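Asks: Provided herewith: input.txt, compact mmCIF, C-alpha atoms.
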# COMPACT_ATOMS: atom_id res chain seq x y z
CA MET A 386 39.80 68.72 -25.88
CA THR A 387 39.00 72.12 -27.08
CA ASN A 388 35.83 73.86 -26.03
CA LEU A 389 35.81 75.73 -29.31
CA LYS A 390 32.80 74.85 -31.40
CA HIS A 391 33.14 72.38 -34.23
CA ASN A 392 30.17 73.38 -36.30
CA SER A 393 30.77 71.88 -39.67
CA SER A 394 31.76 68.29 -39.05
CA LYS A 395 31.15 65.84 -41.83
CA GLY A 396 31.72 62.97 -39.44
CA ILE A 397 29.14 60.68 -37.94
CA CYS A 398 29.30 57.96 -35.34
CA LEU A 399 27.39 54.73 -35.80
CA TRP A 400 27.14 52.85 -32.54
CA LEU A 401 26.33 49.18 -33.15
CA THR A 402 24.70 47.44 -30.19
CA GLY A 403 23.66 43.81 -29.95
CA LEU A 404 24.30 40.46 -28.31
CA PRO A 405 27.71 38.81 -28.48
CA GLY A 406 27.80 37.02 -31.82
CA SER A 407 25.03 39.14 -33.35
CA GLY A 408 27.40 40.28 -36.10
CA LYS A 409 28.28 43.82 -34.99
CA THR A 410 31.96 43.63 -35.78
CA THR A 411 31.52 41.55 -38.93
CA VAL A 412 29.15 44.11 -40.43
CA ALA A 413 31.29 47.03 -39.22
CA LYS A 414 34.35 45.54 -40.91
CA ALA A 415 32.45 45.19 -44.19
CA VAL A 416 31.33 48.82 -44.00
CA GLU A 417 34.81 49.96 -43.03
CA LYS A 418 36.37 48.26 -46.02
CA GLN A 419 33.93 49.81 -48.48
CA LEU A 420 34.28 53.32 -47.06
CA PHE A 421 38.04 53.09 -46.80
CA ASP A 422 38.21 52.10 -50.46
CA ARG A 423 36.23 55.23 -51.28
CA GLY A 424 38.74 57.39 -49.40
CA VAL A 425 36.44 58.22 -46.52
CA ARG A 426 37.99 58.99 -43.14
CA ILE A 427 36.95 55.96 -41.16
CA GLU A 428 37.82 54.37 -37.84
CA ARG A 429 36.40 51.24 -36.33
CA LEU A 430 36.46 50.62 -32.60
CA ASP A 431 35.47 47.42 -30.88
CA GLY A 432 36.38 45.47 -27.77
CA ASP A 433 39.28 43.65 -29.36
CA VAL A 434 40.78 46.95 -30.46
CA VAL A 435 40.37 49.03 -27.32
CA ARG A 436 41.12 46.30 -24.80
CA GLN A 437 44.80 46.43 -25.78
CA SER A 438 45.25 49.80 -24.15
CA LEU A 439 42.21 51.95 -23.61
CA THR A 440 40.23 49.52 -21.49
CA ALA A 441 42.83 46.92 -20.55
CA ASP A 442 41.89 47.24 -16.88
CA LEU A 443 38.17 46.59 -17.26
CA GLY A 444 36.16 43.46 -16.59
CA PHE A 445 32.49 42.60 -16.98
CA SER A 446 30.93 44.13 -13.88
CA ARG A 447 28.22 46.69 -14.45
CA GLU A 448 30.53 49.49 -13.35
CA ASP A 449 33.34 48.35 -15.63
CA ARG A 450 30.94 48.02 -18.56
CA ASP A 451 29.74 51.58 -17.98
CA THR A 452 33.32 52.85 -17.81
CA ASN A 453 34.15 50.99 -21.01
CA ILE A 454 31.30 52.70 -22.85
CA SER A 455 32.21 56.11 -21.42
CA ARG A 456 35.84 55.89 -22.50
CA VAL A 457 35.01 54.75 -25.99
CA ALA A 458 32.32 57.41 -26.35
CA PHE A 459 34.90 60.04 -25.36
CA VAL A 460 37.15 58.87 -28.19
CA ALA A 461 34.27 58.56 -30.66
CA ARG A 462 33.27 62.13 -29.89
CA LEU A 463 36.72 63.43 -30.81
CA LEU A 464 36.81 61.46 -34.04
CA GLN A 465 33.27 62.24 -35.13
CA ARG A 466 33.64 65.97 -34.69
CA ASN A 467 36.81 65.88 -36.77
CA ASP A 468 35.02 64.54 -39.84
CA VAL A 469 35.65 60.85 -39.22
CA VAL A 470 33.00 58.21 -39.84
CA THR A 471 33.34 56.28 -36.61
CA LEU A 472 32.00 52.75 -36.29
CA CYS A 473 31.73 51.47 -32.72
CA SER A 474 30.78 47.85 -32.08
CA PHE A 475 30.03 47.20 -28.45
CA ILE A 476 27.41 45.04 -26.80
CA THR A 477 26.13 48.09 -24.87
CA PRO A 478 23.74 45.88 -22.93
CA TYR A 479 22.04 48.60 -20.87
CA ARG A 480 19.81 51.32 -22.27
CA ALA A 481 21.43 53.77 -19.87
CA GLN A 482 24.67 53.15 -21.76
CA SER A 483 23.11 54.15 -25.06
CA ASP A 484 22.05 57.31 -23.26
CA ILE A 485 25.67 57.94 -22.24
CA VAL A 486 26.67 57.54 -25.86
CA ARG A 487 23.99 59.95 -27.09
CA ASP A 488 24.92 62.47 -24.41
CA THR A 489 28.63 62.30 -25.23
CA VAL A 490 28.90 62.18 -29.00
CA ASP A 491 27.56 65.15 -30.95
CA ASP A 492 26.30 63.24 -33.98
CA VAL A 493 25.67 59.59 -33.22
CA ARG A 494 23.13 57.02 -34.36
CA ILE A 495 22.29 53.82 -32.54
CA VAL A 496 22.26 50.76 -34.80
CA TYR A 497 20.61 47.71 -33.27
CA VAL A 498 22.14 44.52 -34.63
CA GLU A 499 19.32 42.12 -33.95
CA ALA A 500 19.72 38.36 -33.64
CA SER A 501 18.12 35.94 -31.22
CA VAL A 502 20.09 34.46 -28.35
CA ASP A 503 19.58 31.04 -29.93
CA ALA A 504 21.13 32.18 -33.19
CA CYS A 505 24.06 33.80 -31.39
CA VAL A 506 24.66 30.69 -29.27
CA GLU A 507 24.59 28.65 -32.47
CA ARG A 508 27.18 30.90 -34.13
CA ASP A 509 29.34 31.41 -31.01
CA PRO A 510 32.27 32.74 -33.09
CA LYS A 511 34.64 33.00 -30.13
CA GLY A 512 33.40 29.99 -28.18
CA MET A 513 32.39 32.29 -25.35
CA TYR A 514 28.75 31.22 -25.09
CA ALA A 515 29.97 27.67 -24.52
CA GLN A 516 32.33 28.89 -21.82
CA ALA A 517 29.57 30.94 -20.21
CA LYS A 518 27.21 27.96 -20.22
CA ARG A 519 29.89 25.91 -18.48
CA GLY A 520 30.19 28.70 -15.91
CA GLU A 521 33.75 29.54 -16.95
CA ILE A 522 32.77 33.13 -17.76
CA LYS A 523 30.50 35.02 -15.40
CA ASN A 524 28.19 37.93 -16.26
CA PHE A 525 28.09 36.99 -19.93
CA THR A 526 25.45 38.93 -21.82
CA GLY A 527 22.66 36.66 -23.06
CA ILE A 528 23.45 33.91 -20.56
CA ASP A 529 23.71 35.28 -17.03
CA ALA A 530 23.71 39.02 -17.72
CA PRO A 531 20.87 40.95 -19.35
CA TYR A 532 20.67 42.58 -22.77
CA GLU A 533 18.17 45.42 -22.93
CA LYS A 534 17.04 45.90 -26.52
CA PRO A 535 17.31 49.55 -27.51
CA VAL A 536 13.94 51.29 -27.75
CA THR A 537 15.15 54.23 -29.82
CA ALA A 538 17.44 52.67 -32.40
CA ASP A 539 17.97 54.77 -35.53
CA LEU A 540 18.55 51.70 -37.69
CA VAL A 541 17.94 47.98 -37.15
CA LEU A 542 19.85 45.19 -38.85
CA HIS A 543 18.39 41.68 -38.87
CA THR A 544 21.43 39.48 -39.21
CA GLU A 545 19.47 36.25 -39.09
CA GLU A 546 17.70 37.14 -42.33
CA GLU A 547 20.25 39.41 -44.01
CA THR A 548 23.65 38.51 -45.40
CA VAL A 549 26.63 40.52 -44.18
CA GLU A 550 26.62 42.33 -47.52
CA GLU A 551 22.95 43.22 -47.16
CA SER A 552 23.41 44.55 -43.63
CA ALA A 553 26.47 46.55 -44.72
CA LYS A 554 24.50 47.99 -47.63
CA LYS A 555 21.74 49.08 -45.26
CA ILE A 556 24.32 51.06 -43.31
CA ILE A 557 25.88 52.58 -46.42
CA ASP A 558 22.42 53.53 -47.72
CA TYR A 559 21.58 55.04 -44.34
CA LEU A 560 24.74 57.16 -44.38
CA VAL A 561 23.93 58.43 -47.86
CA GLN A 562 20.36 59.20 -46.81
CA GLU A 563 21.71 61.15 -43.82
CA GLY A 564 23.85 63.27 -46.12
CA VAL A 565 27.23 61.89 -45.14
CA GLU A 566 29.73 62.47 -47.93
CA ILE A 567 30.86 58.99 -48.86
CA MET B 23 40.75 50.78 -35.07
CA THR B 24 41.26 49.71 -38.60
CA ASN B 25 44.41 47.98 -39.70
CA LEU B 26 44.01 49.48 -43.14
CA LYS B 27 46.85 51.83 -43.98
CA HIS B 28 46.39 55.54 -43.57
CA ASN B 29 49.14 56.76 -45.83
CA SER B 30 48.29 60.33 -46.58
CA SER B 31 47.50 61.92 -43.23
CA LYS B 32 47.96 65.64 -42.95
CA GLY B 33 47.76 65.39 -39.18
CA ILE B 34 50.59 65.66 -36.72
CA CYS B 35 50.81 65.17 -32.99
CA LEU B 36 52.82 67.52 -30.84
CA TRP B 37 53.48 66.03 -27.45
CA LEU B 38 54.42 68.71 -24.92
CA THR B 39 56.41 67.44 -21.95
CA GLY B 40 57.65 69.44 -18.99
CA LEU B 41 57.34 70.07 -15.28
CA PRO B 42 54.01 71.02 -13.71
CA GLY B 43 53.69 74.77 -14.21
CA SER B 44 56.19 74.88 -17.07
CA GLY B 45 53.52 76.29 -19.37
CA LYS B 46 52.58 73.29 -21.48
CA THR B 47 48.84 73.85 -21.43
CA THR B 48 49.08 77.64 -21.64
CA VAL B 49 51.15 77.44 -24.81
CA ALA B 50 49.00 74.65 -26.25
CA LYS B 51 45.87 76.74 -25.73
CA ALA B 52 47.45 79.67 -27.55
CA VAL B 53 48.41 77.46 -30.48
CA GLU B 54 44.99 75.82 -30.50
CA LYS B 55 43.22 79.16 -30.72
CA GLN B 56 45.33 80.33 -33.65
CA LEU B 57 44.95 77.11 -35.60
CA PHE B 58 41.24 76.85 -34.91
CA ASP B 59 40.78 80.38 -36.23
CA ARG B 60 42.53 79.28 -39.43
CA GLY B 61 40.09 76.36 -39.82
CA VAL B 62 42.62 73.67 -39.03
CA ARG B 63 41.36 70.41 -37.53
CA ILE B 64 42.74 70.66 -34.02
CA GLU B 65 42.28 68.86 -30.73
CA ARG B 66 43.99 69.59 -27.46
CA LEU B 67 44.32 66.93 -24.78
CA ASP B 68 45.63 67.49 -21.28
CA GLY B 69 45.12 66.08 -17.81
CA ASP B 70 42.18 68.30 -16.99
CA VAL B 71 40.41 67.16 -20.14
CA VAL B 72 41.03 63.43 -20.04
CA ARG B 73 40.65 62.97 -16.30
CA GLN B 74 36.90 63.50 -16.61
CA SER B 75 36.44 60.18 -18.34
CA LEU B 76 39.40 58.62 -20.05
CA THR B 77 41.71 58.44 -17.05
CA ALA B 78 39.33 59.09 -14.14
CA ASP B 79 40.62 56.00 -12.35
CA LEU B 80 44.31 56.87 -12.41
CA GLY B 81 46.53 58.30 -9.68
CA PHE B 82 50.18 59.28 -9.59
CA SER B 83 51.95 55.95 -9.16
CA ARG B 84 54.48 55.04 -11.81
CA GLU B 85 52.14 52.39 -13.19
CA ASP B 86 49.18 54.76 -13.34
CA ARG B 87 51.29 57.42 -15.02
CA ASP B 88 52.37 54.93 -17.67
CA THR B 89 48.77 53.86 -18.25
CA ASN B 90 47.73 57.50 -18.53
CA ILE B 91 50.29 58.11 -21.26
CA SER B 92 49.36 54.90 -23.08
CA ARG B 93 45.66 55.72 -23.19
CA VAL B 94 46.19 59.25 -24.39
CA ALA B 95 48.71 58.10 -27.00
CA PHE B 96 46.11 55.63 -28.28
CA VAL B 97 43.65 58.48 -28.78
CA ALA B 98 46.29 60.80 -30.25
CA ARG B 99 47.19 58.11 -32.77
CA LEU B 100 43.61 57.92 -34.02
CA LEU B 101 43.29 61.69 -34.31
CA GLN B 102 46.69 62.27 -35.93
CA ARG B 103 46.17 59.72 -38.63
CA ASN B 104 42.82 61.27 -39.47
CA ASP B 105 44.36 64.62 -40.35
CA VAL B 106 43.98 66.26 -36.96
CA VAL B 107 46.69 68.46 -35.47
CA THR B 108 46.76 66.97 -31.98
CA LEU B 109 48.30 68.86 -29.08
CA CYS B 110 48.96 66.76 -26.00
CA SER B 111 50.15 68.44 -22.78
CA PHE B 112 51.28 65.92 -20.22
CA ILE B 113 54.17 66.00 -17.77
CA THR B 114 55.46 62.70 -19.22
CA PRO B 115 58.16 62.56 -16.56
CA TYR B 116 59.90 59.38 -17.70
CA ARG B 117 61.83 59.01 -20.93
CA ALA B 118 60.34 55.56 -21.34
CA GLN B 119 56.96 57.29 -21.63
CA SER B 120 58.15 59.43 -24.52
CA ASP B 121 59.21 56.17 -26.12
CA ILE B 122 55.69 54.80 -25.68
CA VAL B 123 54.36 57.91 -27.38
CA ARG B 124 56.78 57.60 -30.29
CA ASP B 125 55.99 53.91 -30.66
CA THR B 126 52.24 54.49 -30.65
CA VAL B 127 51.61 57.59 -32.73
CA ASP B 128 52.61 57.46 -36.39
CA ASP B 129 53.67 61.10 -36.73
CA VAL B 130 54.54 62.67 -33.41
CA ARG B 131 57.08 65.22 -32.26
CA ILE B 132 58.26 65.69 -28.70
CA VAL B 133 58.23 69.32 -27.56
CA TYR B 134 60.16 69.96 -24.37
CA VAL B 135 58.67 72.88 -22.44
CA GLU B 136 61.67 73.87 -20.38
CA ALA B 137 61.49 75.83 -17.14
CA SER B 138 63.44 75.39 -13.92
CA VAL B 139 61.83 73.84 -10.86
CA ASP B 140 62.35 77.16 -9.09
CA ALA B 141 60.43 79.03 -11.76
CA CYS B 142 57.62 76.49 -11.73
CA VAL B 143 57.38 76.58 -7.93
CA GLU B 144 57.23 80.36 -8.15
CA ARG B 145 54.39 80.25 -10.69
CA ASP B 146 52.52 77.34 -9.08
CA PRO B 147 49.36 78.08 -11.07
CA LYS B 148 47.27 75.43 -9.32
CA GLY B 149 48.86 75.69 -5.88
CA MET B 150 49.99 72.10 -6.18
CA TYR B 151 53.69 72.69 -5.52
CA ALA B 152 52.70 74.28 -2.20
CA GLN B 153 50.57 71.27 -1.39
CA ALA B 154 53.35 68.90 -2.38
CA LYS B 155 55.84 70.78 -0.19
CA ARG B 156 53.44 70.45 2.72
CA GLY B 157 53.27 66.73 2.01
CA GLU B 158 49.58 66.89 1.08
CA ILE B 159 50.31 65.48 -2.38
CA LYS B 160 52.69 62.57 -2.75
CA ASN B 161 54.75 61.67 -5.82
CA PHE B 162 54.56 65.18 -7.22
CA THR B 163 56.90 65.69 -10.13
CA GLY B 164 59.66 68.16 -9.31
CA ILE B 165 59.25 67.74 -5.55
CA ASP B 166 59.26 64.07 -4.58
CA ALA B 167 59.02 62.41 -7.98
CA PRO B 168 61.59 62.73 -10.76
CA TYR B 169 61.38 64.52 -14.10
CA GLU B 170 63.70 63.11 -16.71
CA LYS B 171 64.45 65.77 -19.31
CA PRO B 172 63.91 64.40 -22.82
CA VAL B 173 67.13 63.74 -24.67
CA THR B 174 65.61 63.61 -28.13
CA ALA B 175 63.14 66.50 -28.16
CA ASP B 176 62.22 67.76 -31.63
CA LEU B 177 61.59 71.28 -30.36
CA VAL B 178 62.43 73.07 -27.11
CA LEU B 179 60.51 75.99 -25.66
CA HIS B 180 62.14 78.16 -22.99
CA THR B 181 59.20 79.57 -21.12
CA GLU B 182 61.32 81.50 -18.63
CA GLU B 183 62.71 83.66 -21.43
CA GLU B 184 59.90 83.54 -23.99
CA THR B 185 56.43 85.02 -23.75
CA VAL B 186 53.49 82.70 -24.36
CA GLU B 187 53.08 84.33 -27.77
CA GLU B 188 56.71 83.69 -28.63
CA SER B 189 56.52 80.05 -27.60
CA ALA B 190 53.29 79.60 -29.55
CA LYS B 191 54.90 81.19 -32.60
CA LYS B 192 57.81 78.75 -32.36
CA ILE B 193 55.34 75.90 -32.57
CA ILE B 194 53.41 77.42 -35.46
CA ASP B 195 56.67 78.08 -37.33
CA TYR B 196 57.75 74.51 -36.64
CA LEU B 197 54.49 73.14 -38.06
CA VAL B 198 54.92 75.23 -41.21
CA GLN B 199 58.53 74.09 -41.56
CA GLU B 200 57.37 70.49 -41.24
CA GLY B 201 54.92 70.96 -44.08
CA VAL B 202 51.72 70.83 -42.06
CA GLU B 203 48.94 72.61 -43.93
CA ILE B 204 47.91 75.37 -41.57
Would you mind writing the file's structure down as structure tokens?
Replies:
Amino acid sequence: MTNLKHNSSKGICLWLTGLPGSGKTTVAKAVEKQLFDRGVRIERLDGDVVRQSLTADLGFSREDRDTNISRVAFVARLLQRNDVVTLCSFITPYRAQSDIVRDTVDDVRIVYVEASVDACVERDPKGMYAQAKRGEIKNFTGIDAPYEKPVTADLVLHTEEETVEESAKKIIDYLVQEGVEI
Amino acid sequence: MTNLKHNSSKGICLWLTGLPGSGKTTVAKAVEKQLFDRGVRIERLDGDVVRQSLTADLGFSREDRDTNISRVAFVARLLQRNDVVTLCSFITPYRAQSDIVRDTVDDVRIVYVEASVDACVERDPKGMYAQAKRGEIKNFTGIDAPYEKPVTADLVLHTEEETVEESAKKIIDYLVQEGVEI
């Protein structure tokens, strides 16, 4: 990566953090679709996307989770500074990981996708909470691994009260408010 | 990464392959500087850059080298399709790796940076050939690991005969010929 200064980027990175099943990817996909239709440069990264190649070797240990965040933040940095609106949906269970993200990406905002563990267990879109409760998955965030709520989120979505459309609109409105050309 | 179609990218990826010391990074830096000065969206990736985070875990085994190429190609794909001129300087010693690159990145050209092993050993900018000859580094391309010359390079640079400026100009001319807006 160049060390030359990218001063005039129109890109921004929104880093969505929250429990498994909180709705991070669902909301990100809704935002992605709307921005893409408007011709905005947009990329969406989440575990399902990056695990194919970028993080294929990583598991759920603390060290692996840190490495996962670091690698994705590296990529998000490159995209953001080249005028891409970059949506990253990762559990990011430790506050120190949000710090890594803030330290790596030039223009990034932390979006806390809030939902209670009970609500997420109820949704369980991938059946993983059930597996974790049966002990078939270890170190599963919300069951036997911690989730530290972010203390300095730039935006909070409440997916138990909001529809997907409402949460997506909050993000779009936030981008407009922040001066992103969309 | 979105599955939505990016049809109108103005980006291109140039993937520079060649022996250690062949001049890949030196030429890429010269091109980068010129394009950056013209206001072109440009990123340059090489081992020194990505090893800090993206590929920190990888060594020089065949498997690790393949993984290295796959991860970088993943990133190059995202940049290229978002209108970034992406310069990647990696030894890429196996033809199968160039195939991975071509399969991953939508618009990529292979640039063979040609120089003889003798010339590269003579230059030895990082002192690594000397270390490899003393057996301090194993699996070093050109000494005890193979380099398969690409058979389908889109552009060939001859860094034993050309100056850095001449090689850089060949790349710039190639980009213009290919219709890249620079």
Asks: Using all atoms listed in the file, select each residue of chain B with any atom at most 9 Å away from an atom of chain A, and give the selection as a list of chain:residue names.
Replies: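 In the required form, that comes to B:Met23, B:Thr24, B:Leu26, B:Lys51, B:Glu54, B:Lys55, B:Phe58, B:Arg63, B:Ile64, B:Glu65, B:Arg66, B:Leu67, B:Asp68, B:Val71, B:Val72, B:Ser75, B:Leu76, B:Thr77, B:Thr89, B:Ser92, B:Arg93, B:Val94, B:Phe96, B:Val97, B:Leu100, B:Leu101, B:Asn104, B:Asp105, B:Val106.
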Asks: Present chain B as a compact mmCIF listing (two decimals) with C-alpha atoms, keeping the file's coordinate frame, least-squares fitted onto chain A over all of its C-alpha atoms paired in order.
Replies:
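Done, and the output landed in result-v8.txt:
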# COMPACT_ATOMS: atom_id res chain seq x y z
CA MET B 23 39.80 68.63 -25.94
CA THR B 24 39.00 72.08 -27.09
CA ASN B 25 35.85 73.83 -26.04
CA LEU B 26 35.84 75.73 -29.29
CA LYS B 27 32.82 74.88 -31.40
CA HIS B 28 33.13 72.39 -34.20
CA ASN B 29 30.12 73.35 -36.23
CA SER B 30 30.72 71.89 -39.63
CA SER B 31 31.75 68.29 -39.03
CA LYS B 32 31.14 65.85 -41.82
CA GLY B 33 31.72 62.97 -39.44
CA ILE B 34 29.13 60.68 -37.94
CA CYS B 35 29.30 57.96 -35.35
CA LEU B 36 27.40 54.74 -35.79
CA TRP B 37 27.14 52.85 -32.55
CA LEU B 38 26.33 49.18 -33.14
CA THR B 39 24.70 47.44 -30.19
CA GLY B 40 23.66 43.81 -29.95
CA LEU B 41 24.30 40.47 -28.32
CA PRO B 42 27.71 38.81 -28.49
CA GLY B 43 27.80 37.02 -31.83
CA SER B 44 25.03 39.13 -33.35
CA GLY B 45 27.39 40.28 -36.09
CA LYS B 46 28.27 43.80 -35.00
CA THR B 47 31.96 43.62 -35.78
CA THR B 48 31.52 41.54 -38.93
CA VAL B 49 29.16 44.11 -40.42
CA ALA B 50 31.30 47.02 -39.22
CA LYS B 51 34.36 45.53 -40.91
CA ALA B 52 32.46 45.18 -44.18
CA VAL B 53 31.33 48.80 -44.02
CA GLU B 54 34.81 49.96 -43.04
CA LYS B 55 36.39 48.25 -46.03
CA GLN B 56 33.95 49.82 -48.48
CA LEU B 57 34.29 53.31 -47.06
CA PHE B 58 38.06 53.09 -46.81
CA ASP B 59 38.22 52.09 -50.47
CA ARG B 60 36.22 55.23 -51.28
CA GLY B 61 38.75 57.39 -49.39
CA VAL B 62 36.44 58.22 -46.52
CA ARG B 63 38.00 58.99 -43.14
CA ILE B 64 36.96 55.95 -41.15
CA GLU B 65 37.82 54.38 -37.83
CA ARG B 66 36.40 51.23 -36.34
CA LEU B 67 36.47 50.63 -32.60
CA ASP B 68 35.48 47.41 -30.88
CA GLY B 69 36.39 45.47 -27.76
CA ASP B 70 39.29 43.65 -29.36
CA VAL B 71 40.79 46.95 -30.45
CA VAL B 72 40.37 49.04 -27.33
CA ARG B 73 41.13 46.32 -24.81
CA GLN B 74 44.80 46.44 -25.78
CA SER B 75 45.25 49.82 -24.16
CA LEU B 76 42.22 51.97 -23.61
CA THR B 77 40.23 49.54 -21.49
CA ALA B 78 42.84 46.93 -20.55
CA ASP B 79 41.89 47.25 -16.88
CA LEU B 80 38.17 46.60 -17.26
CA GLY B 81 36.16 43.44 -16.61
CA PHE B 82 32.49 42.61 -16.99
CA SER B 83 30.94 44.14 -13.89
CA ARG B 84 28.21 46.69 -14.46
CA GLU B 85 30.53 49.48 -13.35
CA ASP B 86 33.34 48.35 -15.64
CA ARG B 87 30.95 48.03 -18.56
CA ASP B 88 29.74 51.58 -17.99
CA THR B 89 33.31 52.86 -17.82
CA ASN B 90 34.14 50.99 -21.02
CA ILE B 91 31.30 52.70 -22.86
CA SER B 92 32.21 56.11 -21.42
CA ARG B 93 35.83 55.90 -22.51
CA VAL B 94 35.02 54.75 -26.00
CA ALA B 95 32.32 57.41 -26.35
CA PHE B 96 34.90 60.03 -25.36
CA VAL B 97 37.15 58.87 -28.19
CA ALA B 98 34.27 58.55 -30.66
CA ARG B 99 33.26 62.13 -29.88
CA LEU B 100 36.71 63.43 -30.80
CA LEU B 101 36.82 61.45 -34.04
CA GLN B 102 33.25 62.24 -35.13
CA ARG B 103 33.63 65.95 -34.70
CA ASN B 104 36.80 65.88 -36.76
CA ASP B 105 35.02 64.53 -39.83
CA VAL B 106 35.65 60.85 -39.21
CA VAL B 107 32.99 58.22 -39.85
CA THR B 108 33.34 56.28 -36.60
CA LEU B 109 32.00 52.75 -36.28
CA CYS B 110 31.74 51.48 -32.72
CA SER B 111 30.79 47.83 -32.08
CA PHE B 112 30.04 47.20 -28.45
CA ILE B 113 27.40 45.04 -26.80
CA THR B 114 26.14 48.09 -24.86
CA PRO B 115 23.72 45.89 -22.93
CA TYR B 116 22.04 48.60 -20.87
CA ARG B 117 19.82 51.32 -22.27
CA ALA B 118 21.43 53.77 -19.88
CA GLN B 119 24.68 53.15 -21.77
CA SER B 120 23.11 54.15 -25.06
CA ASP B 121 22.06 57.31 -23.27
CA ILE B 122 25.67 57.94 -22.25
CA VAL B 123 26.67 57.54 -25.88
CA ARG B 124 24.00 59.95 -27.09
CA ASP B 125 24.93 62.47 -24.41
CA THR B 126 28.63 62.30 -25.24
CA VAL B 127 28.90 62.18 -29.01
CA ASP B 128 27.56 65.16 -30.95
CA ASP B 129 26.29 63.23 -33.98
CA VAL B 130 25.67 59.58 -33.22
CA ARG B 131 23.14 57.03 -34.36
CA ILE B 132 22.29 53.82 -32.54
CA VAL B 133 22.25 50.76 -34.80
CA TYR B 134 20.61 47.72 -33.27
CA VAL B 135 22.14 44.51 -34.64
CA GLU B 136 19.31 42.12 -33.94
CA ALA B 137 19.71 38.36 -33.64
CA SER B 138 18.11 35.93 -31.22
CA VAL B 139 20.08 34.46 -28.34
CA ASP B 140 19.57 31.05 -29.93
CA ALA B 141 21.13 32.19 -33.18
CA CYS B 142 24.05 33.81 -31.39
CA VAL B 143 24.65 30.70 -29.27
CA GLU B 144 24.60 28.66 -32.45
CA ARG B 145 27.18 30.91 -34.12
CA ASP B 146 29.34 31.42 -31.02
CA PRO B 147 32.25 32.75 -33.08
CA LYS B 148 34.62 33.01 -30.13
CA GLY B 149 33.37 30.00 -28.17
CA MET B 150 32.39 32.31 -25.35
CA TYR B 151 28.75 31.24 -25.08
CA ALA B 152 29.98 27.68 -24.52
CA GLN B 153 32.32 28.91 -21.82
CA ALA B 154 29.57 30.97 -20.22
CA LYS B 155 27.22 27.97 -20.22
CA ARG B 156 29.91 25.94 -18.48
CA GLY B 157 30.19 28.71 -15.92
CA GLU B 158 33.76 29.55 -16.95
CA ILE B 159 32.76 33.14 -17.76
CA LYS B 160 30.50 35.03 -15.40
CA ASN B 161 28.20 37.93 -16.27
CA PHE B 162 28.08 37.00 -19.94
CA THR B 163 25.45 38.93 -21.82
CA GLY B 164 22.66 36.67 -23.07
CA ILE B 165 23.46 33.91 -20.57
CA ASP B 166 23.72 35.29 -17.05
CA ALA B 167 23.71 39.02 -17.72
CA PRO B 168 20.87 40.95 -19.35
CA TYR B 169 20.66 42.59 -22.77
CA GLU B 170 18.17 45.41 -22.93
CA LYS B 171 17.04 45.90 -26.52
CA PRO B 172 17.31 49.56 -27.52
CA VAL B 173 13.96 51.28 -27.76
CA THR B 174 15.14 54.22 -29.82
CA ALA B 175 17.45 52.66 -32.41
CA ASP B 176 17.97 54.76 -35.54
CA LEU B 177 18.54 51.69 -37.69
CA VAL B 178 17.94 47.98 -37.15
CA LEU B 179 19.85 45.18 -38.85
CA HIS B 180 18.38 41.67 -38.88
CA THR B 181 21.42 39.47 -39.21
CA GLU B 182 19.46 36.22 -39.10
CA GLU B 183 17.70 37.13 -42.34
CA GLU B 184 20.25 39.41 -44.01
CA THR B 185 23.65 38.52 -45.40
CA VAL B 186 26.62 40.52 -44.17
CA GLU B 187 26.62 42.33 -47.52
CA GLU B 188 22.96 43.22 -47.15
CA SER B 189 23.43 44.55 -43.64
CA ALA B 190 26.47 46.54 -44.73
CA LYS B 191 24.49 47.98 -47.63
CA LYS B 192 21.74 49.08 -45.25
CA ILE B 193 24.32 51.06 -43.31
CA ILE B 194 25.88 52.59 -46.41
CA ASP B 195 22.42 53.54 -47.72
CA TYR B 196 21.59 55.04 -44.34
CA LEU B 197 24.76 57.15 -44.38
CA VAL B 198 23.93 58.44 -47.86
CA GLN B 199 20.36 59.21 -46.80
CA GLU B 200 21.72 61.14 -43.82
CA GLY B 201 23.85 63.27 -46.10
CA VAL B 202 27.24 61.88 -45.12
CA GLU B 203 29.73 62.47 -47.92
CA ILE B 204 30.85 58.99 -48.86
Asks: Could you work out how far atom CA of A:Val498 lies from atom CA of A:His543, giving the answer in Å with one decimal?
Replies: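 Atom-to-atom, atom CA of A:His543 to atom CA of A:Val498, that is 6.3 Å.
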Asks: Could you please give me, as number ranges by chain, the residues of protein, DNA or RNA lying at most 12 Å from (49.9, 79.0, -24.3) in the coordinate frame of the file, considering all atoms listed in the file?
Replies: B: 38, 43-56, 66, 109, 111, 135, 179, 181, 184-194
Asks: Could you tell me how far atom CA of B:Ile165 lies from atom CA of B:Val123, in Å and to one decimal?
Replies: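 Atom CA of B:Val123 lies at a distance of 24.4 Å from atom CA of B:Ile165.
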Asks: Work out how far apart atom CA of A:Ala538 and atom CA of A:Gly403 are and give it in Å to one decimal.
Replies: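 Going from atom CA of A:Ala538 over to atom CA of A:Gly403, I get 11.1 Å.
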